$ cat target.pdb   # PDB, C-alpha atoms
ATOM      1  CA  MET A1130       0.000   0.000   0.000
ATOM      2  CA  PRO A1131       1.305   3.523  -0.770
ATOM      3  CA  PHE A1132       2.928   5.466   2.056
ATOM      4  CA  ARG A1133       1.952   9.084   2.684
ATOM      5  CA  LEU A1134       3.202  11.223   5.527
ATOM      6  CA  PRO A1135       0.870  13.724   7.228
ATOM      7  CA  PRO A1136       2.320  17.221   7.781
ATOM      8  CA  LEU A1137       4.439  16.859  10.917
ATOM      9  CA  LEU A1138       5.941  19.533  13.158
ATOM     10  CA  CYS A1139       9.230  19.437  15.028
ATOM     11  CA  PRO A1140       8.529  19.103  18.773
ATOM     12  CA  VAL A1141      11.427  21.477  19.540
ATOM     13  CA  CYS A1142      10.888  24.455  17.226
ATOM     14  CA  ARG A1143       7.476  23.683  15.635
ATOM     15  CA  GLU A1144       8.877  23.965  12.109
ATOM     16  CA  ALA A1145       7.934  21.418   9.454
ATOM     17  CA  LEU A1146       9.389  17.978  10.083
ATOM     18  CA  ALA A1147      10.183  15.840   7.051
ATOM     19  CA  PRO A1148      11.845  12.506   6.315
ATOM     20  CA  VAL A1149      15.555  12.589   5.602
ATOM     21  CA  PRO A1150      16.058  11.095   2.105
ATOM     22  CA  ALA A1151      16.423   7.341   2.388
ATOM     23  CA  SER A1152      19.830   5.829   1.751
ATOM     24  CA  ALA A1153      20.432   3.694  -1.306
ATOM     25  CA  GLY A1154      18.501   0.444  -1.092
ATOM     26  CA  ALA A1155      16.370   1.571   1.857
ATOM     27  CA  THR A1156      12.578   1.622   1.518
ATOM     28  CA  ARG A1157      11.954   4.092   4.344
ATOM     29  CA  SER A1158      13.750   7.090   5.787
ATOM     30  CA  SER A1159      15.698   6.408   8.965
ATOM     31  CA  ALA A1160      15.243   9.915  10.379
ATOM     32  CA  LEU A1161      12.943  12.930  10.573
ATOM     33  CA  SER A1162      14.491  16.403  10.488
ATOM     34  CA  CYS A1163      13.476  20.089  10.381
ATOM     35  CA  ARG A1164      15.226  23.042   8.716
ATOM     36  CA  HIS A1165      16.853  24.007  12.013
ATOM     37  CA  GLY A1166      18.634  20.670  12.162
ATOM     38  CA  HIS A1167      16.629  18.999  14.902
ATOM     39  CA  SER A1168      16.717  15.338  13.943
ATOM     40  CA  PHE A1169      14.965  12.238  15.257
ATOM     41  CA  ASP A1170      16.290   8.835  14.278
ATOM     42  CA  ALA A1171      14.044   5.849  13.774
ATOM     43  CA  ALA A1172      14.377   3.060  16.302
ATOM     44  CA  LYS A1173      15.305  -0.285  14.807
ATOM     45  CA  GLN A1174      11.657  -1.339  15.214
ATOM     46  CA  GLY A1175      10.557   1.543  12.961
ATOM     47  CA  TYR A1176       9.053   4.152  15.294
ATOM     48  CA  PHE A1177      10.328   7.664  16.089
ATOM     49  CA  ASN A1178      10.713   9.072  19.600
ATOM     50  CA  LEU A1179       9.555  12.720  19.650
ATOM     51  CA  LEU A1180       9.442  13.141  23.416
ATOM     52  CA  VAL A1181      11.223  16.321  24.474
ATOM     53  CA  GLY A1182      11.416  18.294  27.693
ATOM     54  CA  LYS A1183      10.195  17.030  31.030
ATOM     55  CA  GLY A1184       7.729  14.561  29.569
ATOM     56  CA  THR A1185       4.442  13.272  30.835
ATOM     57  CA  ALA A1186       3.332  12.485  34.355
ATOM     58  CA  PHE A1187       1.456   9.462  33.028
ATOM     59  CA  GLU A1188       2.941   6.017  33.423
ATOM     60  CA  ALA A1189       3.612   4.292  30.107
ATOM     61  CA  ASP A1190       2.350   0.771  29.532
ATOM     62  CA  THR A1191       4.946  -1.854  30.399
ATOM     63  CA  ALA A1192       6.260  -4.617  28.169
ATOM     64  CA  GLU A1193       4.113  -7.131  30.073
ATOM     65  CA  MET A1194       0.965  -5.045  29.614
ATOM     66  CA  VAL A1195       1.657  -4.638  25.904
ATOM     67  CA  ALA A1196       2.314  -8.364  25.454
ATOM     68  CA  ALA A1197      -1.017  -9.153  27.146
ATOM     69  CA  ARG A1198      -2.851  -6.646  24.932
ATOM     70  CA  THR A1199      -1.254  -8.037  21.791
ATOM     71  CA  ALA A1200      -2.250 -11.602  22.687
ATOM     72  CA  PHE A1201      -5.822 -10.576  23.508
ATOM     73  CA  LEU A1202      -6.366  -8.420  20.423
ATOM     74  CA  ASP A1203      -4.591 -10.850  18.087
ATOM     75  CA  ALA A1204      -7.130 -13.452  19.215
ATOM     76  CA  GLY A1205      -9.867 -11.237  17.751
ATOM     77  CA  HIS A1206     -11.910 -10.684  20.905
ATOM     78  CA  TYR A1207     -12.296  -6.945  20.238
ATOM     79  CA  ARG A1208     -12.481  -7.210  16.446
ATOM     80  CA  PRO A1209     -16.120  -5.962  16.457
ATOM     81  CA  LEU A1210     -14.961  -2.854  18.314
ATOM     82  CA  ALA A1211     -12.163  -2.199  15.813
ATOM     83  CA  ALA A1212     -14.672  -2.542  12.953
ATOM     84  CA  ALA A1213     -17.055  -0.119  14.671
ATOM     85  CA  VAL A1214     -14.286   2.459  15.181
ATOM     86  CA  ALA A1215     -13.341   2.211  11.506
ATOM     87  CA  ALA A1216     -16.982   2.607  10.482
ATOM     88  CA  ALA A1217     -17.327   5.724  12.648
ATOM     89  CA  ALA A1218     -14.190   7.226  11.095
ATOM     90  CA  GLU A1219     -14.980   6.357   7.469
ATOM     91  CA  PRO A1220     -17.422   9.202   6.625
ATOM     92  CA  ALA A1221     -14.673  11.773   7.260
ATOM     93  CA  LEU A1222     -12.099   9.926   5.132
ATOM     94  CA  GLN A1223     -13.713  10.485   1.729
ATOM     95  CA  GLY A1224     -11.483  13.339   0.532
ATOM     96  CA  PRO A1225      -8.645  12.977  -1.990
ATOM     97  CA  GLU A1226      -5.888  12.739   0.653
ATOM     98  CA  PRO A1227      -7.434  11.298   3.826
ATOM     99  CA  ALA A1228      -5.421  11.378   7.029
ATOM    100  CA  VAL A1229      -5.927  10.021  10.541
ATOM    101  CA  LEU A1230      -4.308  10.371  13.962
ATOM    102  CA  ASP A1231      -4.743   7.434  16.341
ATOM    103  CA  SER A1232      -3.933   8.999  19.701
ATOM    104  CA  GLY A1233      -2.988   6.389  22.263
ATOM    105  CA  THR A1234      -2.534   3.900  19.442
ATOM    106  CA  GLY A1235      -1.133   1.196  21.693
ATOM    107  CA  THR A1236      -0.399  -1.889  19.612
ATOM    108  CA  GLY A1237      -2.040  -0.300  16.560
ATOM    109  CA  HIS A1238      -4.927  -2.768  16.184
ATOM    110  CA  TYR A1239      -7.653  -0.110  15.906
ATOM    111  CA  LEU A1240      -5.648   1.955  13.425
ATOM    112  CA  ARG A1241      -5.113  -1.223  11.402
ATOM    113  CA  ALA A1242      -8.883  -1.547  10.934
ATOM    114  CA  ILE A1243      -9.036   2.009   9.546
ATOM    115  CA  LEU A1244      -6.112   1.446   7.194
ATOM    116  CA  ASP A1245      -7.861  -1.683   5.904
ATOM    117  CA  LEU A1246     -11.034   0.193   4.921
ATOM    118  CA  PRO A1247     -11.821  -0.543   1.262
ATOM    119  CA  GLY A1248     -11.789   2.143  -1.410
ATOM    120  CA  HIS A1249      -8.559   3.903  -0.426
ATOM    121  CA  ASP A1250      -6.189   2.730  -3.134
ATOM    122  CA  ALA A1251      -4.000   5.823  -2.703
ATOM    123  CA  GLY A1252      -3.606   5.023   0.977
ATOM    124  CA  ILE A1253      -4.582   6.831   4.170
ATOM    125  CA  ALA A1254      -1.912   9.027   5.715
ATOM    126  CA  ALA A1255      -1.719   7.866   9.316
ATOM    127  CA  VAL A1256      -0.017   8.779  12.592
ATOM    128  CA  GLY A1257       0.008   6.400  15.542
ATOM    129  CA  LEU A1258       0.920   8.242  18.772
ATOM    130  CA  ASP A1259       1.603   6.633  22.136
ATOM    131  CA  ILE A1260       3.685   7.249  25.241
ATOM    132  CA  SER A1261       4.867   3.628  25.455
ATOM    133  CA  LYS A1262       7.900   2.542  23.458
ATOM    134  CA  PHE A1263       6.904  -1.073  24.064
ATOM    135  CA  ALA A1264       3.530  -0.452  22.425
ATOM    136  CA  LEU A1265       5.047   1.438  19.492
ATOM    137  CA  ARG A1266       7.348  -1.495  18.713
ATOM    138  CA  ARG A1267       4.259  -3.595  18.084
ATOM    139  CA  ALA A1268       2.371  -0.826  16.283
ATOM    140  CA  ALA A1269       5.235  -0.149  13.884
ATOM    141  CA  ARG A1270       5.271  -3.800  12.850
ATOM    142  CA  LEU A1271       1.506  -3.955  12.414
ATOM    143  CA  ASN A1272       1.189  -0.606  10.612
ATOM    144  CA  PRO A1273       4.419   0.017   8.701
ATOM    145  CA  GLN A1274       2.693   2.455   6.334
ATOM    146  CA  ALA A1275       1.864   4.732   9.281
ATOM    147  CA  VAL A1276       4.347   7.037  10.992
ATOM    148  CA  ASN A1277       4.483   5.740  14.565
ATOM    149  CA  LEU A1278       5.570   8.284  17.167
ATOM    150  CA  VAL A1279       6.389   8.153  20.849
ATOM    151  CA  GLY A1280       4.809  11.336  22.145
ATOM    152  CA  ASP A1281       2.883  12.934  24.979
ATOM    153  CA  VAL A1282      -0.728  13.846  24.239
ATOM    154  CA  TRP A1283      -0.515  16.620  26.865
ATOM    155  CA  GLN A1284       2.246  18.386  24.966
ATOM    156  CA  PRO A1285       1.587  20.176  21.646
ATOM    157  CA  LEU A1286       0.984  17.417  19.121
ATOM    158  CA  PRO A1287       3.664  17.066  16.416
ATOM    159  CA  LEU A1288       1.142  17.810  13.665
ATOM    160  CA  ALA A1289       0.370  20.932  11.652
ATOM    161  CA  ASP A1290      -2.955  22.749  12.009
ATOM    162  CA  ALA A1291      -5.814  21.035  10.132
ATOM    163  CA  ALA A1292      -3.534  18.096   9.302
ATOM    164  CA  VAL A1293      -5.961  15.171   9.661
ATOM    165  CA  ASP A1294      -9.571  14.276   8.938
ATOM    166  CA  VAL A1295     -10.030  11.928  11.882
ATOM    167  CA  VAL A1296      -8.663  11.577  15.405
ATOM    168  CA  THR A1297      -9.398   8.292  17.158
ATOM    169  CA  VAL A1298      -9.011   7.781  20.904
ATOM    170  CA  VAL A1299      -9.676   4.292  22.240
ATOM    171  CA  PHE A1300      -9.369   4.085  26.054
ATOM    172  CA  ALA A1301      -6.770   6.879  26.063
ATOM    173  CA  PRO A1302      -6.405  10.467  27.377
ATOM    174  CA  ARG A1303      -7.992  13.307  25.415
ATOM    175  CA  ASN A1304      -6.441  16.733  24.771
ATOM    176  CA  ALA A1305      -9.465  18.592  23.409
ATOM    177  CA  ALA A1306      -7.672  21.765  22.335
ATOM    178  CA  GLU A1307      -4.938  19.927  20.450
ATOM    179  CA  PHE A1308      -7.349  17.499  18.807
ATOM    180  CA  ALA A1309      -9.452  20.439  17.577
ATOM    181  CA  ARG A1310      -6.342  22.183  16.265
ATOM    182  CA  VAL A1311      -5.097  19.281  14.157
ATOM    183  CA  LEU A1312      -8.520  18.347  12.746
ATOM    184  CA  ARG A1313      -9.665  19.739   9.421
ATOM    185  CA  PRO A1314     -13.048  21.503   9.171
ATOM    186  CA  GLY A1315     -15.746  18.847   9.147
ATOM    187  CA  GLY A1316     -13.357  16.300  10.625
ATOM    188  CA  ARG A1317     -14.264  13.748  13.262
ATOM    189  CA  LEU A1318     -13.094  12.875  16.740
ATOM    190  CA  VAL A1319     -14.033   9.267  17.558
ATOM    191  CA  VAL A1320     -13.782   8.326  21.240
ATOM    192  CA  VAL A1321     -14.317   4.899  22.790
ATOM    193  CA  THR A1322     -15.151   4.609  26.485
ATOM    194  CA  PRO A1323     -16.461   1.706  28.597
ATOM    195  CA  ARG A1324     -20.064   1.716  29.785
ATOM    196  CA  ALA A1325     -21.521   0.608  33.106
ATOM    197  CA  GLY A1326     -21.296  -3.148  33.416
ATOM    198  CA  HIS A1327     -18.223  -3.454  31.186
ATOM    199  CA  LEU A1328     -16.454  -6.727  32.061
ATOM    200  CA  ALA A1329     -18.464  -6.898  35.283
ATOM    201  CA  GLU A1330     -18.351 -10.705  35.377
ATOM    202  CA  ILE A1331     -14.577 -10.743  35.941
ATOM    203  CA  ALA A1332     -13.658  -7.255  37.191
ATOM    204  CA  GLY A1333     -13.880  -8.026  40.895
ATOM    205  CA  ARG A1334     -12.124 -11.364  40.717
ATOM    206  CA  THR A1335      -9.177 -10.055  38.703
ATOM    207  CA  GLY A1336      -8.688  -6.744  40.492
ATOM    208  CA  MET A1337      -9.588  -4.617  37.458
ATOM    209  CA  LEU A1338     -10.503  -0.980  37.994
ATOM    210  CA  GLY A1339     -14.197  -0.123  38.135
ATOM    211  CA  ILE A1340     -16.024   2.145  35.690
ATOM    212  CA  GLU A1341     -16.196   5.697  36.998
ATOM    213  CA  PRO A1342     -19.745   7.058  37.340
ATOM    214  CA  ALA A1343     -21.112   9.652  34.886
ATOM    215  CA  LYS A1344     -18.281   8.877  32.474
ATOM    216  CA  GLU A1345     -20.209   9.995  29.372
ATOM    217  CA  GLU A1346     -21.190  13.311  30.970
ATOM    218  CA  ARG A1347     -17.598  13.994  31.969
ATOM    219  CA  LEU A1348     -16.427  13.195  28.435
ATOM    220  CA  ALA A1349     -18.828  15.760  26.969
ATOM    221  CA  ALA A1350     -17.785  18.337  29.556
ATOM    222  CA  SER A1351     -14.079  17.791  28.826
ATOM    223  CA  LEU A1352     -14.648  18.514  25.119
ATOM    224  CA  ALA A1353     -17.016  21.478  25.559
ATOM    225  CA  GLY A1354     -15.824  24.644  23.853
ATOM    226  CA  HIS A1355     -13.925  22.689  21.217
ATOM    227  CA  PHE A1356     -16.369  20.074  19.882
ATOM    228  CA  ARG A1357     -20.036  19.417  19.273
ATOM    229  CA  ALA A1358     -21.457  15.932  19.572
ATOM    230  CA  HIS A1359     -22.750  13.818  16.709
ATOM    231  CA  PRO A1360     -24.933  10.751  17.229
ATOM    232  CA  GLY A1361     -22.845   7.932  18.670
ATOM    233  CA  ARG A1362     -23.656   4.320  19.402
ATOM    234  CA  ASP A1363     -23.442   1.694  22.083
ATOM    235  CA  LEU A1364     -21.737  -1.587  21.261
ATOM    236  CA  ASP A1365     -22.076  -4.772  23.292
ATOM    237  CA  VAL A1366     -19.733  -7.669  22.548
ATOM    238  CA  ALA A1367     -20.335 -11.101  24.081
ATOM    239  CA  LEU A1368     -16.968 -12.647  24.917
ATOM    240  CA  ASP A1369     -16.224 -16.315  25.516
ATOM    241  CA  LEU A1370     -12.894 -16.357  27.317
ATOM    242  CA  ALA A1371     -10.407 -18.957  28.480
ATOM    243  CA  PRO A1372      -8.616 -18.265  31.793
ATOM    244  CA  GLN A1373      -5.541 -16.938  29.955
ATOM    245  CA  ASP A1374      -7.763 -14.556  27.975
ATOM    246  CA  VAL A1375      -9.177 -13.261  31.254
ATOM    247  CA  ALA A1376      -5.673 -12.737  32.626
ATOM    248  CA  ASN A1377      -4.602 -10.902  29.468
ATOM    249  CA  LEU A1378      -7.696  -8.702  29.580
ATOM    250  CA  ALA A1379      -6.993  -7.717  33.179
ATOM    251  CA  LEU A1380      -3.280  -7.134  32.630
ATOM    252  CA  MET A1381      -3.592  -5.112  29.406
ATOM    253  CA  GLY A1382      -5.572  -2.240  30.926
ATOM    254  CA  PRO A1383      -4.890   0.406  33.599
ATOM    255  CA  ALA A1384      -4.992  -2.221  36.345
ATOM    256  CA  GLY A1385      -1.903  -3.767  34.770
ATOM    257  CA  HIS A1386       0.205  -1.048  36.376
ATOM    258  CA  HIS A1387      -0.399  -2.508  39.826
ATOM    259  CA  LEU A1388      -1.447  -6.130  39.245
ATOM    260  CA  ASP A1389       1.110  -8.791  40.092
ATOM    261  CA  PRO A1390       1.092 -11.400  37.269
ATOM    262  CA  ASP A1391       1.607 -14.297  39.684
ATOM    263  CA  THR A1392      -1.231 -13.122  41.922
ATOM    264  CA  LEU A1393      -3.428 -12.645  38.862
ATOM    265  CA  ALA A1394      -2.602 -16.163  37.646
ATOM    266  CA  GLY A1395      -3.755 -17.538  40.983
ATOM    267  CA  ARG A1396      -7.004 -15.578  40.778
ATOM    268  CA  VAL A1397      -7.925 -16.938  37.336
ATOM    269  CA  ALA A1398      -6.750 -20.492  38.006
ATOM    270  CA  GLY A1399     -10.105 -21.424  39.496
ATOM    271  CA  LEU A1400     -12.121 -20.156  36.542
ATOM    272  CA  PRO A1401     -13.956 -22.650  34.324
ATOM    273  CA  ALA A1402     -12.571 -23.547  30.900
ATOM    274  CA  ARG A1403     -14.738 -20.822  29.349
ATOM    275  CA  THR A1404     -16.223 -17.708  30.965
ATOM    276  CA  ALA A1405     -18.965 -15.580  29.401
ATOM    277  CA  VAL A1406     -18.088 -11.878  29.719
ATOM    278  CA  SER A1407     -19.944  -8.792  28.502
ATOM    279  CA  ALA A1408     -17.868  -5.988  26.953
ATOM    280  CA  ARG A1409     -19.867  -2.761  26.822
ATOM    281  CA  PHE A1410     -18.582   0.217  24.886
ATOM    282  CA  ARG A1411     -19.752   3.708  23.980
ATOM    283  CA  ILE A1412     -18.492   5.036  20.631
ATOM    284  CA  SER A1413     -18.857   8.819  20.700
ATOM    285  CA  VAL A1414     -18.385  11.049  17.657
ATOM    286  CA  PHE A1415     -17.598  14.763  17.772
ATOM    287  CA  GLU A1416     -16.957  17.527  15.234
ATOM    288  CA  PRO A1417     -14.661  20.501  15.976
ATOM    289  CA  LEU A1418     -16.461  23.793  16.461
ATOM    290  CA  PRO A1419     -15.632  26.495  13.888
ATOM    291  CA  ALA A1420     -14.200  28.683  16.656
ATOM    292  CA  ALA A1421     -11.765  25.938  17.549
ATOM    293  CA  LEU A1422     -10.412  25.954  13.998
ATOM    294  CA  THR A1423      -9.331  29.600  13.909
TER     295      THR A1423
END

$ encode --input "target.pdb" --output "structure tokens"
Amino acid sequence: MPFRLPPLLCPVCREALAPVPASAGATRSSALSCRHGHSFDAAKQGYFNLLVGKGTAFEADTAEMVAARTAFLDAGHYRPLAAAVAAAAEPALQGPEPAVLDSGTGTGHYLRAILDLPGHDAGIAAVGLDISKFALRRAARLNPQAVNLVGDVWQPLPLADAAVDVVTVVFAPRNAAEFARVLRPGGRLVVVTPRAGHLAEIAGRTGMLGIEPAKEERLAASLAGHFRAHPGRDLDVALDLAPQDVANLALMGPAGHHLDPDTLAGRVAGLPARTAVSARFRISVFEPLPAALT
């Protein structure tokens, strides 16, 4: 599939950031550079680290958390969610040079579903952004036609104004002002959040974090002044999980930062061979307000 690069900005000076011409025989550039000489080399796995300054206060996902997420998503358990995210993004990707930012891309599985949408023979310019180097290693392998960046969503995003048609955020932090800045007029912000009852059958046993009350209301409030809501949808996915799937599901999320894998293994050891679990999602769609685009 063709490779297109969205308009990037240097995280140091905010000038245009472009690929350094590839060496003879290479298929991709090994560095990004701006006219002031700030340069960012590609890691051997294919991603670029654009973190500068003090960095984020958020804790990046660990290698163990990323491995659990990869195993769970590779098994296809959340494939209906990935398809629904792609479907929500598709209406805004009909222009001649569509572009998407997957903020908090993780292992890249949800971005992969967008890049696989039919009818885009010229390719979709894509950025996968995450704070975890371990996650970006996986994402760069899964989505080599995207530019995969280690970055902090709470710092100015390394994208030009009106650079993308879609921003997707699946279980990740949301910087409303920056998302509005990088979206083109008429673009879409697609946000996935869990609903009440999400994974309730296993949450207590595994030590997973509970769903915060009034989550949808707080999402709308956090985006007010930058976005207006479009009709969204609820998605329920019936899961049939083996004990190892349950362990991976617990370890791959926020609870993975404090769960001990050995303790978790003991908790799931007594589960039956298959456990029925309900995954409940809210897919919210927003459009940037005109005032946010000036």

$ resolve_selection --input "target.pdb" --expression "the PyMOL selection byres ((chain A and resi 1305) around 10)" --output "PyMOL selection string"
chain A and resi 1282-1283+1302-1304+1306-1310+1318+1351-1356+1417+1421

$ resolve_selection --input "target.pdb" --expression "the PyMOL selection byres ((chain A and resi 1392) around 12)" --output "CSV table (one decimal) with C-alpha atoms, in the frame of the given file"
chain,number,residue,atom,x,y,z
A,1334,ARG,CA,-12.1,-11.4,40.7
A,1335,THR,CA,-9.2,-10.1,38.7
A,1336,GLY,CA,-8.7,-6.7,40.5
A,1376,ALA,CA,-5.7,-12.7,32.6
A,1379,ALA,CA,-7.0,-7.7,33.2
A,1380,LEU,CA,-3.3,-7.1,32.6
A,1385,GLY,CA,-1.9,-3.8,34.8
A,1387,HIS,CA,-0.4,-2.5,39.8
A,1388,LEU,CA,-1.4,-6.1,39.2
A,1389,ASP,CA,1.1,-8.8,40.1
A,1390,PRO,CA,1.1,-11.4,37.3
A,1391,ASP,CA,1.6,-14.3,39.7
A,1393,LEU,CA,-3.4,-12.6,38.9
A,1394,ALA,CA,-2.6,-16.2,37.6
A,1395,GLY,CA,-3.8,-17.5,41.0
A,1396,ARG,CA,-7.0,-15.6,40.8
A,1397,VAL,CA,-7.9,-16.9,37.3
A,1398,ALA,CA,-6.8,-20.5,38.0

$ resolve_selection --input "target.pdb" --expression "the PyMOL selection byres ((chain A and resi 1203-1211) around 12)" --output "PyMOL selection string"
chain A and resi 1195-1202+1212-1218+1234+1236-1246+1267+1271+1297-1300+1319-1323+1362-1371+1373-1375+1377-1378+1406-1412

$ closest_atom_pairs --input "target.pdb" --of "range 1280-1303 of chain A" --to "range 1165-1181 of chain A" --cutoff "9 Å" --atoms "all atoms listed in the file" --output "JSON lines"
{"residue": "A:Gly1280", "atom": "CA", "partner": "A:Leu1180", "partner_atom": "CA", "distance": 5.1}
{"residue": "A:Asp1281", "atom": "CA", "partner": "A:Leu1180", "partner_atom": "CA", "distance": 6.7}
{"residue": "A:Pro1287", "atom": "CA", "partner": "A:Leu1179", "partner_atom": "CA", "distance": 8.0}

$ write_last_selection --input "target.pdb" --atoms "C-alpha atoms" --output "compact mmCIF listing (two decimals), in the frame of the given file"
# COMPACT_ATOMS: atom_id res chain seq x y z
CA GLY A 1280 4.81 11.34 22.14
CA ASP A 1281 2.88 12.93 24.98
CA PRO A 1287 3.66 17.07 16.42

$ atom_distance --input "target.pdb" --atom1 "CA of Pro1225 in chain A" --atom2 "CA of Pro1150 in chain A"
25.1 Å

$ atom_distance --input "target.pdb" --atom1 "CA of Lys1262 in chain A" --atom2 "CA of Leu1338 in chain A"
23.7 Å

$ closest_residue --input "target.pdb" --among "A:Cys1142, A:Ala1160, A:Val1414, A:Ala1291" --to "Arg1357 in chain A" --atoms "all atoms listed in the file"
A:Val1414

$ closest_residue --input "target.pdb" --among "A:Pro1140, A:Arg1133, A:Ser1162, A:Arg1317" --to "Ala1289 in chain A" --atoms "all atoms listed in the file"
A:Pro1140

$ atom_distance --input "target.pdb" --atom1 "CA of Met1337 in chain A" --atom2 "CA of Gly1399 in chain A"
16.9 Å

$ residues_around --input "target.pdb" --residues "range 1250-1256 of chain A" --least-positions-apart "2" --cutoff "9 Å" --atoms "all atoms listed in the file" --output "ChimeraX atom specification"
/A:1130-1135,1222,1225-1232,1234,1240,1243-1244,1247-1248,1258,1274-1278,1293

$ write_last_selection --input "target.pdb" --atoms "C-alpha atoms" --output "PDB file, in the frame of the given file"
ATOM      1  CA  MET A1130       0.000   0.000   0.000  1.00  0.00           C
ATOM      2  CA  PRO A1131       1.305   3.523  -0.770  1.00  0.00           C
ATOM      3  CA  PHE A1132       2.928   5.466   2.056  1.00  0.00           C
ATOM      4  CA  ARG A1133       1.952   9.084   2.684  1.00  0.00           C
ATOM      5  CA  LEU A1134       3.202  11.223   5.527  1.00  0.00           C
ATOM      6  CA  PRO A1135       0.870  13.724   7.228  1.00  0.00           C
ATOM      7  CA  LEU A1222     -12.099   9.926   5.132  1.00  0.00           C
ATOM      8  CA  PRO A1225      -8.645  12.977  -1.990  1.00  0.00           C
ATOM      9  CA  GLU A1226      -5.888  12.739   0.653  1.00  0.00           C
ATOM     10  CA  PRO A1227      -7.434  11.298   3.826  1.00  0.00           C
ATOM     11  CA  ALA A1228      -5.421  11.378   7.029  1.00  0.00           C
ATOM     12  CA  VAL A1229      -5.927  10.021  10.541  1.00  0.00           C
ATOM     13  CA  LEU A1230      -4.308  10.371  13.962  1.00  0.00           C
ATOM     14  CA  ASP A1231      -4.743   7.434  16.341  1.00  0.00           C
ATOM     15  CA  SER A1232      -3.933   8.999  19.701  1.00  0.00           C
ATOM     16  CA  THR A1234      -2.534   3.900  19.442  1.00  0.00           C
ATOM     17  CA  LEU A1240      -5.648   1.955  13.425  1.00  0.00           C
ATOM     18  CA  ILE A1243      -9.036   2.009   9.546  1.00  0.00           C
ATOM     19  CA  LEU A1244      -6.112   1.446   7.194  1.00  0.00           C
ATOM     20  CA  PRO A1247     -11.821  -0.543   1.262  1.00  0.00           C
ATOM     21  CA  GLY A1248     -11.789   2.143  -1.410  1.00  0.00           C
ATOM     22  CA  LEU A1258       0.920   8.242  18.772  1.00  0.00           C
ATOM     23  CA  GLN A1274       2.693   2.455   6.334  1.00  0.00           C
ATOM     24  CA  ALA A1275       1.864   4.732   9.281  1.00  0.00           C
ATOM     25  CA  VAL A1276       4.347   7.037  10.992  1.00  0.00           C
ATOM     26  CA  ASN A1277       4.483   5.740  14.565  1.00  0.00           C
ATOM     27  CA  LEU A1278       5.570   8.284  17.167  1.00  0.00           C
ATOM     28  CA  VAL A1293      -5.961  15.171   9.661  1.00  0.00           C
TER      29      VAL A1293
END
